[in-house]
$ cat target_10.cif   # mmCIF, C-alpha atoms
data_run
loop_
_atom_site.label_atom_id
_atom_site.label_comp_id
_atom_site.auth_asym_id
_atom_site.auth_seq_id
_atom_site.Cartn_x
_atom_site.Cartn_y
_atom_site.Cartn_z
CA MET O 160 0.00 0.00 0.00
CA ARG O 161 1.10 3.56 -0.64
CA ILE O 162 -0.44 6.33 1.46
CA LEU O 163 0.19 10.04 1.00
CA VAL O 164 0.30 12.02 4.25
CA VAL O 165 0.25 15.70 3.39
CA ASN O 166 0.95 18.53 5.79
CA PRO O 167 -1.08 21.43 4.34
CA ASN O 168 1.01 24.05 6.09
CA THR O 169 4.53 24.85 4.92
CA THR O 170 6.55 23.95 8.04
CA GLN O 171 8.84 21.05 7.17
CA SER O 172 9.74 20.23 10.78
CA MET O 173 6.07 19.61 11.55
CA THR O 174 5.90 17.24 8.59
CA GLN O 175 8.73 15.25 10.15
CA THR O 176 6.71 14.86 13.37
CA ILE O 177 3.67 13.80 11.35
CA GLU O 178 5.69 11.35 9.26
CA ALA O 179 7.15 9.67 12.34
CA ALA O 180 3.68 9.19 13.86
CA ALA O 181 2.32 7.77 10.59
CA LYS O 182 5.20 5.33 10.11
CA ALA O 183 4.99 4.18 13.73
CA VAL O 184 1.53 2.67 13.18
CA ALA O 185 1.65 1.75 9.50
CA SER O 186 1.74 -1.91 8.53
CA ALA O 187 5.05 -3.33 7.34
CA SER O 188 3.75 -3.45 3.78
CA THR O 189 2.57 0.18 3.81
CA GLU O 190 4.70 2.93 2.27
CA ILE O 191 4.13 6.32 3.89
CA VAL O 192 4.88 9.26 1.59
CA ALA O 193 4.92 12.39 3.75
CA VAL O 194 5.02 15.76 1.99
CA THR O 195 4.87 19.42 2.94
CA SER O 196 2.71 21.81 0.95
CA SER O 197 4.73 24.00 -1.39
CA MET O 198 2.62 27.11 -0.81
CA GLY O 199 0.55 28.70 1.90
CA PRO O 200 0.83 29.63 5.59
CA VAL O 201 3.45 28.21 7.97
CA SER O 202 0.64 27.17 10.32
CA ILE O 203 -3.13 26.94 10.03
CA GLU O 204 -4.87 28.85 12.78
CA GLY O 205 -8.37 29.82 11.78
CA TYR O 206 -10.51 30.21 8.69
CA TYR O 207 -8.25 32.68 6.84
CA ASP O 208 -5.16 30.48 7.00
CA GLU O 209 -7.22 27.47 6.02
CA VAL O 210 -8.39 28.96 2.73
CA PHE O 211 -4.85 29.72 1.57
CA ALA O 212 -3.61 26.26 2.55
CA ILE O 213 -6.05 24.47 0.24
CA PRO O 214 -4.45 25.13 -3.20
CA GLY O 215 -1.08 23.64 -2.24
CA LEU O 216 -2.83 20.71 -0.59
CA LEU O 217 -4.81 19.93 -3.74
CA LEU O 218 -1.68 20.03 -5.88
CA GLU O 219 0.01 17.46 -3.65
CA ILE O 220 -3.02 15.14 -3.67
CA ALA O 221 -3.36 15.33 -7.46
CA ARG O 222 0.35 14.64 -7.89
CA ALA O 223 0.30 11.72 -5.47
CA GLU O 224 -2.70 10.03 -7.05
CA LYS O 225 -1.03 10.23 -10.46
CA GLY O 226 2.09 8.75 -8.84
CA GLY O 227 0.28 5.70 -7.54
CA ALA O 228 -0.85 6.64 -4.03
CA GLN O 229 -3.83 4.53 -2.99
CA ALA O 230 -5.12 6.88 -0.26
CA ALA O 231 -4.35 10.32 1.13
CA VAL O 232 -4.37 11.72 4.65
CA ILE O 233 -4.79 15.45 5.27
CA ALA O 234 -2.68 16.09 8.35
CA CYS O 235 -4.43 19.16 9.75
CA PHE O 236 -7.12 18.84 12.39
CA ASP O 237 -9.31 21.40 10.62
CA ASP O 238 -9.71 18.76 7.89
CA THR O 239 -8.50 21.50 5.59
CA GLY O 240 -9.91 21.24 2.07
CA LEU O 241 -11.32 17.77 2.72
CA ASP O 242 -14.45 18.07 0.61
CA ALA O 243 -12.56 19.68 -2.29
CA ALA O 244 -9.91 16.97 -2.12
CA ARG O 245 -12.54 14.22 -2.24
CA ALA O 246 -14.14 15.86 -5.27
CA LEU O 247 -10.73 16.04 -6.96
CA ALA O 248 -9.47 12.56 -6.13
CA THR O 249 -10.74 9.06 -6.74
CA ILE O 250 -8.59 7.53 -4.01
CA PRO O 251 -9.94 7.77 -0.43
CA VAL O 252 -9.01 11.02 1.32
CA ILE O 253 -9.05 10.97 5.12
CA GLY O 254 -9.18 14.01 7.41
CA ILE O 255 -7.49 13.51 10.76
CA CYS O 256 -10.33 15.12 12.72
CA GLU O 257 -12.93 12.80 11.23
CA ALA O 258 -10.64 9.80 11.75
CA ALA O 259 -9.86 10.75 15.33
CA VAL O 260 -13.43 11.32 16.52
CA ALA O 261 -14.62 8.17 14.77
CA THR O 262 -11.89 6.21 16.53
CA ALA O 263 -12.68 7.79 19.90
CA ALA O 264 -16.33 6.80 19.51
CA PHE O 265 -15.35 3.13 19.38
CA ILE O 266 -13.76 3.23 22.84
CA ALA O 267 -15.47 6.00 24.84
CA GLN O 268 -18.95 7.39 25.33
CA ARG O 269 -17.66 10.86 26.20
CA PHE O 270 -14.44 12.43 24.99
CA THR O 271 -12.82 15.85 24.69
CA VAL O 272 -10.84 17.30 21.81
CA VAL O 273 -8.01 19.52 23.07
CA THR O 274 -6.78 21.89 20.38
CA THR O 275 -4.39 24.83 20.17
CA MET O 276 -5.91 28.30 19.76
CA GLU O 277 -9.29 29.60 20.85
CA ARG O 278 -9.94 30.73 17.27
CA SER O 279 -9.75 27.06 16.26
CA ARG O 280 -12.19 25.83 18.90
CA LEU O 281 -15.44 26.87 17.21
CA PRO O 282 -14.47 25.51 13.76
CA LEU O 283 -13.65 22.19 15.42
CA GLU O 284 -16.95 22.22 17.29
CA HIS O 285 -18.66 22.57 13.92
CA LEU O 286 -16.68 19.59 12.58
CA VAL O 287 -17.50 17.47 15.62
CA HIS O 288 -21.20 18.20 15.08
CA ARG O 289 -20.88 17.48 11.35
CA TYR O 290 -19.39 14.09 12.15
CA GLY O 291 -22.31 13.26 14.45
CA MET O 292 -20.42 13.50 17.75
CA GLY O 293 -21.83 16.74 19.15
CA ALA O 294 -23.64 14.97 22.01
CA ARG O 295 -20.56 12.99 22.99
CA ALA O 296 -17.65 15.37 22.57
CA LYS O 297 -16.44 18.68 23.97
CA VAL O 298 -13.75 20.87 22.41
CA ARG O 299 -11.23 22.81 24.48
CA ALA O 300 -8.46 25.20 23.45
CA ALA O 301 -5.16 25.34 25.30
CA ASP O 302 -4.41 28.82 23.90
CA ILE O 303 -1.08 27.81 22.40
CA PRO O 304 0.21 28.81 18.95
CA VAL O 305 0.73 25.78 16.72
CA LEU O 306 4.44 26.39 16.17
CA SER O 307 5.08 26.66 19.92
CA LEU O 308 4.57 22.89 20.09
CA GLU O 309 8.01 22.59 18.52
CA ASP O 310 9.67 25.00 20.96
CA PRO O 311 10.93 23.22 24.11
CA SER O 312 11.22 26.57 25.90
CA SER O 313 7.53 27.42 25.42
CA ASP O 314 4.76 26.70 27.91
CA ALA O 315 2.77 24.72 25.34
CA LEU O 316 2.95 21.36 27.09
CA PRO O 317 1.94 22.63 30.55
CA ARG O 318 -1.03 24.42 28.97
CA LEU O 319 -1.99 21.27 27.08
CA ARG O 320 -1.75 19.19 30.26
CA ALA O 321 -3.89 21.71 32.15
CA GLN O 322 -6.68 21.41 29.58
CA ILE O 323 -6.54 17.62 29.66
CA THR O 324 -6.85 17.73 33.44
CA ALA O 325 -9.84 20.06 33.15
CA ALA O 326 -11.43 17.80 30.51
CA LEU O 327 -11.17 14.75 32.74
CA HIS O 328 -12.64 16.52 35.77
CA GLU O 329 -15.08 19.04 34.32
CA ASP O 330 -16.20 17.32 31.09
CA ARG O 331 -16.04 13.84 32.63
CA ALA O 332 -14.14 12.81 29.51
CA GLU O 333 -13.28 9.14 29.17
CA ALA O 334 -10.76 9.73 26.39
CA ILE O 335 -8.82 12.64 24.91
CA VAL O 336 -8.39 13.52 21.25
CA LEU O 337 -5.36 15.67 20.39
CA GLY O 338 -6.68 18.43 18.13
CA CYS O 339 -3.57 19.29 16.13
CA ALA O 340 -1.28 17.30 13.86
CA GLY O 341 1.67 18.94 15.61
CA MET O 342 0.73 16.96 18.75
CA ALA O 343 1.11 13.64 16.95
CA ASP O 344 4.18 12.61 18.94
CA LEU O 345 2.55 13.19 22.34
CA ALA O 346 -0.28 10.64 22.40
CA ALA O 347 1.50 7.71 24.04
CA GLU O 348 3.19 9.88 26.68
CA LEU O 349 -0.03 11.65 27.64
CA SER O 350 -2.05 8.42 27.68
CA HIS O 351 0.43 6.91 30.14
CA GLU O 352 0.52 10.10 32.24
CA PHE O 353 -3.26 10.54 32.55
CA GLY O 354 -4.34 6.91 32.46
CA VAL O 355 -6.89 7.35 29.67
CA PRO O 356 -6.86 6.67 25.91
CA VAL O 357 -5.32 9.59 24.01
CA ILE O 358 -5.99 9.56 20.28
CA ASP O 359 -3.74 11.14 17.67
CA GLY O 360 -5.57 11.84 14.43
CA VAL O 361 -2.59 11.16 12.17
CA SER O 362 -2.21 7.61 13.48
CA ALA O 363 -5.97 7.01 13.36
CA ALA O 364 -6.20 8.30 9.79
CA VAL O 365 -3.41 6.04 8.55
CA LYS O 366 -5.16 2.96 9.94
CA HIS O 367 -8.50 4.03 8.44
CA ALA O 368 -6.73 4.57 5.10
CA GLU O 369 -5.23 1.09 5.22
CA THR O 370 -8.67 -0.36 5.89
CA LEU O 371 -10.26 1.42 2.93
CA ILE O 372 -7.46 0.28 0.63
CA SER O 373 -7.84 -3.32 1.85
CA LEU O 374 -11.57 -3.14 1.16
CA LYS O 375 -10.83 -1.77 -2.32
CA LEU O 376 -13.08 1.23 -1.69
CA THR O 377 -12.71 4.50 -3.57
CA THR O 378 -14.41 7.87 -3.27
CA ALA O 379 -17.96 7.98 -4.63
CA LYS O 380 -18.12 9.97 -7.86
CA ARG O 381 -21.80 10.80 -8.00
CA GLY O 382 -23.48 13.55 -6.01
CA ALA O 383 -21.41 15.61 -3.60
CA TYR O 384 -18.00 14.22 -4.60
CA ALA O 385 -18.58 14.10 -8.35
CA SER O 386 -15.52 15.21 -10.30
CA PRO O 387 -15.27 18.98 -10.89
CA ILE O 388 -17.04 20.36 -13.94
CA GLU O 389 -14.65 21.49 -16.64
CA LYS O 390 -14.51 25.27 -17.02
CA PRO O 391 -11.82 27.96 -17.34
CA TYR O 392 -10.08 29.16 -14.18
CA LEU O 393 -8.59 32.63 -14.59
CA GLY O 394 -5.62 34.57 -13.27
CA LEU O 395 -3.49 32.94 -10.58
CA MET O 396 -6.03 30.12 -10.33
CA GLU O 397 -5.52 28.98 -13.94
CA VAL O 398 -3.39 26.02 -12.89
CA PHE O 399 -6.28 24.70 -10.75
CA SER O 400 -8.71 24.24 -13.64
CA PRO O 401 -10.06 20.67 -13.61
CA SER O 402 -8.45 19.79 -16.93
CA HIS O 403 -5.05 21.03 -15.77
CA MET O 404 -5.23 19.15 -12.47
CA ALA O 405 -6.25 15.99 -14.29
CA ALA O 406 -3.51 16.33 -16.90
CA GLY O 407 -0.53 17.26 -14.92
#
$ encode --input "target_10.cif" --output "structure tokens"
Amino acid sequence: MRILVVNPNTTQSMTQTIEAAAKAVASASTEIVAVTSSMGPVSIEGYYDEVFAIPGLLLEIARAEKGGAQAAVIACFDDTGLDAARALATIPVIGICEAAVATAAFIAQRFTVVTTMERSRLPLEHLVHRYGMGARAKVRAADIPVLSLEDPSSDALPRLRAQITAALHEDRAEAIVLGCAGMADLAAELSHEFGVPVIDGVSAAVKHAETLISLKLTTAKRGAYASPIEKPYLGLMEVFSPSHMAAG
């Protein structure tokens, strides 16, 4: 199996963290191809950043499918560009938020997603509701910038731990979902520390991708995820016209 894992922000060091988490759970026969978007913001923190991360993400997914990838994982907890990517691609495309909350639902009745910035909390609440988990999940923000997760001198980890503690006591959470791909390397440590399941979306998405490949399932191409209608795209967006994305 070959699975693309794409970091839709442009920070290479975060891709390395994501790649390590993906490879740690992948089957021996699975090839993980981890890539960093070639354009867009260095981190995705809110709706504005998300919009400008989508073009680079779509380019990487189109390129990977042509190169033989059998599934793609979008390694941002906002599930950045997920619907557009599914319309573009035939291979399964997995968002790490959807994968993480689905996985949590198998093992806990109540769980809490702990994310980074407050501006990301409401978008993630909307996703949790979209995925049918609104009655079972809370979303908390630790008020930490995404890139501070890579800075050992920051207070990111104490803030994250404080929100997990609050989730266990105040939300009565039975499991924790880490709401940022940059937290992918922390799941095992935090699970041991707090004595509850801690789910990393990157790892969950890779295993869901492997399952879909094994079942020989592809993205439905009628209705919502039908292939884009051919039409001209103008200006800077010319390269994203459906015919161009399909051809090259």
$ closest_residue --input "target_10.cif" --among "O:Gly254, O:Gly291, O:Pro200, O:Gly215" --to "O:Gly360" --atoms "all atoms listed in the file"
O:Gly254
$ closest_residue --input "target_10.cif" --among "O:Gln322, O:Gln171, O:Ser373, O:Thr239" --to "O:Ser197" --atoms "only C-alpha atoms"
O:Gln171
$ atom_distance --input "target_10.cif" --atom1 "atom CA of O:Ala301" --atom2 "atom CA of O:Val365"
25.6 Å
$ residues_around --input "target_10.cif" --residues "O:Pro387" --least-positions-apart "4" --cutoff "9 Å" --atoms "only C-alpha atoms" --output "list in words"
Ala246, Leu247, Ser400 and Pro401 of chain O
$ resolve_selection --input "target_10.cif" --expression "the PyMOL selection byres ((chain O and resi 304-311) around 12)" --output "CSV table (one decimal) with C-alpha atoms, in the frame of the given file"
chain,number,residue,atom,x,y,z
O,168,ASN,CA,1.0,24.0,6.1
O,169,THR,CA,4.5,24.8,4.9
O,170,THR,CA,6.6,24.0,8.0
O,171,GLN,CA,8.8,21.0,7.2
O,172,SER,CA,9.7,20.2,10.8
O,173,MET,CA,6.1,19.6,11.6
O,174,THR,CA,5.9,17.2,8.6
O,175,GLN,CA,8.7,15.2,10.2
O,176,THR,CA,6.7,14.9,13.4
O,200,PRO,CA,0.8,29.6,5.6
O,201,VAL,CA,3.4,28.2,8.0
O,202,SER,CA,0.6,27.2,10.3
O,203,ILE,CA,-3.1,26.9,10.0
O,204,GLU,CA,-4.9,28.8,12.8
O,205,GLY,CA,-8.4,29.8,11.8
O,235,CYS,CA,-4.4,19.2,9.8
O,236,PHE,CA,-7.1,18.8,12.4
O,274,THR,CA,-6.8,21.9,20.4
O,275,THR,CA,-4.4,24.8,20.2
O,276,MET,CA,-5.9,28.3,19.8
O,277,GLU,CA,-9.3,29.6,20.8
O,278,ARG,CA,-9.9,30.7,17.3
O,279,SER,CA,-9.8,27.1,16.3
O,300,ALA,CA,-8.5,25.2,23.4
O,301,ALA,CA,-5.2,25.3,25.3
O,302,ASP,CA,-4.4,28.8,23.9
O,303,ILE,CA,-1.1,27.8,22.4
O,312,SER,CA,11.2,26.6,25.9
O,313,SER,CA,7.5,27.4,25.4
O,314,ASP,CA,4.8,26.7,27.9
O,315,ALA,CA,2.8,24.7,25.3
O,316,LEU,CA,3.0,21.4,27.1
O,317,PRO,CA,1.9,22.6,30.6
O,318,ARG,CA,-1.0,24.4,29.0
O,319,LEU,CA,-2.0,21.3,27.1
O,338,GLY,CA,-6.7,18.4,18.1
O,339,CYS,CA,-3.6,19.3,16.1
O,340,ALA,CA,-1.3,17.3,13.9
O,341,GLY,CA,1.7,18.9,15.6
O,342,MET,CA,0.7,17.0,18.8
O,343,ALA,CA,1.1,13.6,17.0
O,344,ASP,CA,4.2,12.6,18.9
O,345,LEU,CA,2.6,13.2,22.3
$ decode --input "target_10.cif" --residues "stretch 237-251 of chain O" --atoms "N, CA, C and O atoms" --output "PDB file, in the first residue's frame"
ATOM      1  N   ASP O 237      -8.168  20.693  11.197  1.00  0.00           N
ATOM      2  CA  ASP O 237      -9.311  21.397  10.620  1.00  0.00           C
ATOM      3  C   ASP O 237      -9.914  20.627   9.450  1.00  0.00           C
ATOM      4  O   ASP O 237     -10.908  21.074   8.874  1.00  0.00           O
ATOM      5  N   ASP O 238      -9.322  19.484   9.101  1.00  0.00           N
ATOM      6  CA  ASP O 238      -9.708  18.756   7.892  1.00  0.00           C
ATOM      7  C   ASP O 238      -9.739  19.710   6.698  1.00  0.00           C
ATOM      8  O   ASP O 238     -10.680  19.755   5.893  1.00  0.00           O
ATOM      9  N   THR O 239      -8.674  20.458   6.595  1.00  0.00           N
ATOM     10  CA  THR O 239      -8.499  21.502   5.587  1.00  0.00           C
ATOM     11  C   THR O 239      -8.737  20.968   4.173  1.00  0.00           C
ATOM     12  O   THR O 239      -8.107  20.003   3.750  1.00  0.00           O
ATOM     13  N   GLY O 240      -9.679  21.579   3.472  1.00  0.00           N
ATOM     14  CA  GLY O 240      -9.909  21.241   2.070  1.00  0.00           C
ATOM     15  C   GLY O 240     -10.408  19.834   1.832  1.00  0.00           C
ATOM     16  O   GLY O 240     -10.340  19.337   0.705  1.00  0.00           O
ATOM     17  N   LEU O 241     -10.958  19.183   2.846  1.00  0.00           N
ATOM     18  CA  LEU O 241     -11.317  17.766   2.725  1.00  0.00           C
ATOM     19  C   LEU O 241     -12.351  17.516   1.630  1.00  0.00           C
ATOM     20  O   LEU O 241     -12.186  16.617   0.799  1.00  0.00           O
ATOM     21  N   ASP O 242     -13.414  18.298   1.610  1.00  0.00           N
ATOM     22  CA  ASP O 242     -14.448  18.065   0.605  1.00  0.00           C
ATOM     23  C   ASP O 242     -13.920  18.324  -0.800  1.00  0.00           C
ATOM     24  O   ASP O 242     -14.215  17.574  -1.742  1.00  0.00           O
ATOM     25  N   ALA O 243     -13.134  19.400  -0.974  1.00  0.00           N
ATOM     26  CA  ALA O 243     -12.559  19.684  -2.289  1.00  0.00           C
ATOM     27  C   ALA O 243     -11.625  18.561  -2.727  1.00  0.00           C
ATOM     28  O   ALA O 243     -11.606  18.160  -3.899  1.00  0.00           O
ATOM     29  N   ALA O 244     -10.844  18.043  -1.787  1.00  0.00           N
ATOM     30  CA  ALA O 244      -9.908  16.967  -2.120  1.00  0.00           C
ATOM     31  C   ALA O 244     -10.651  15.704  -2.534  1.00  0.00           C
ATOM     32  O   ALA O 244     -10.236  14.988  -3.450  1.00  0.00           O
ATOM     33  N   ARG O 245     -11.766  15.413  -1.871  1.00  0.00           N
ATOM     34  CA  ARG O 245     -12.542  14.224  -2.239  1.00  0.00           C
ATOM     35  C   ARG O 245     -13.199  14.387  -3.606  1.00  0.00           C
ATOM     36  O   ARG O 245     -13.356  13.403  -4.344  1.00  0.00           O
ATOM     37  N   ALA O 246     -13.595  15.619  -3.930  1.00  0.00           N
ATOM     38  CA  ALA O 246     -14.141  15.857  -5.266  1.00  0.00           C
ATOM     39  C   ALA O 246     -13.056  15.708  -6.335  1.00  0.00           C
ATOM     40  O   ALA O 246     -13.319  15.220  -7.439  1.00  0.00           O
ATOM     41  N   LEU O 247     -11.838  16.108  -6.012  1.00  0.00           N
ATOM     42  CA  LEU O 247     -10.732  16.036  -6.964  1.00  0.00           C
ATOM     43  C   LEU O 247     -10.256  14.603  -7.178  1.00  0.00           C
ATOM     44  O   LEU O 247     -10.002  14.184  -8.310  1.00  0.00           O
ATOM     45  N   ALA O 248     -10.128  13.856  -6.082  1.00  0.00           N
ATOM     46  CA  ALA O 248      -9.466  12.556  -6.128  1.00  0.00           C
ATOM     47  C   ALA O 248     -10.462  11.404  -6.235  1.00  0.00           C
ATOM     48  O   ALA O 248     -11.608  11.505  -5.798  1.00  0.00           O
ATOM     49  N   THR O 249      -9.987  10.315  -6.773  1.00  0.00           N
ATOM     50  CA  THR O 249     -10.737   9.062  -6.742  1.00  0.00           C
ATOM     51  C   THR O 249     -10.325   8.217  -5.545  1.00  0.00           C
ATOM     52  O   THR O 249     -11.144   7.524  -4.946  1.00  0.00           O
ATOM     53  N   ILE O 250      -9.066   8.279  -5.179  1.00  0.00           N
ATOM     54  CA  ILE O 250      -8.594   7.530  -4.007  1.00  0.00           C
ATOM     55  C   ILE O 250      -9.262   8.079  -2.741  1.00  0.00           C
ATOM     56  O   ILE O 250      -9.685   9.233  -2.704  1.00  0.00           O
ATOM     57  N   PRO O 251      -9.388   7.259  -1.689  1.00  0.00           N
ATOM     58  CA  PRO O 251      -9.939   7.765  -0.434  1.00  0.00           C
ATOM     59  C   PRO O 251      -9.063   8.887   0.138  1.00  0.00           C
ATOM     60  O   PRO O 251      -7.829   8.807   0.089  1.00  0.00           O
TER      61      PRO O 251
END
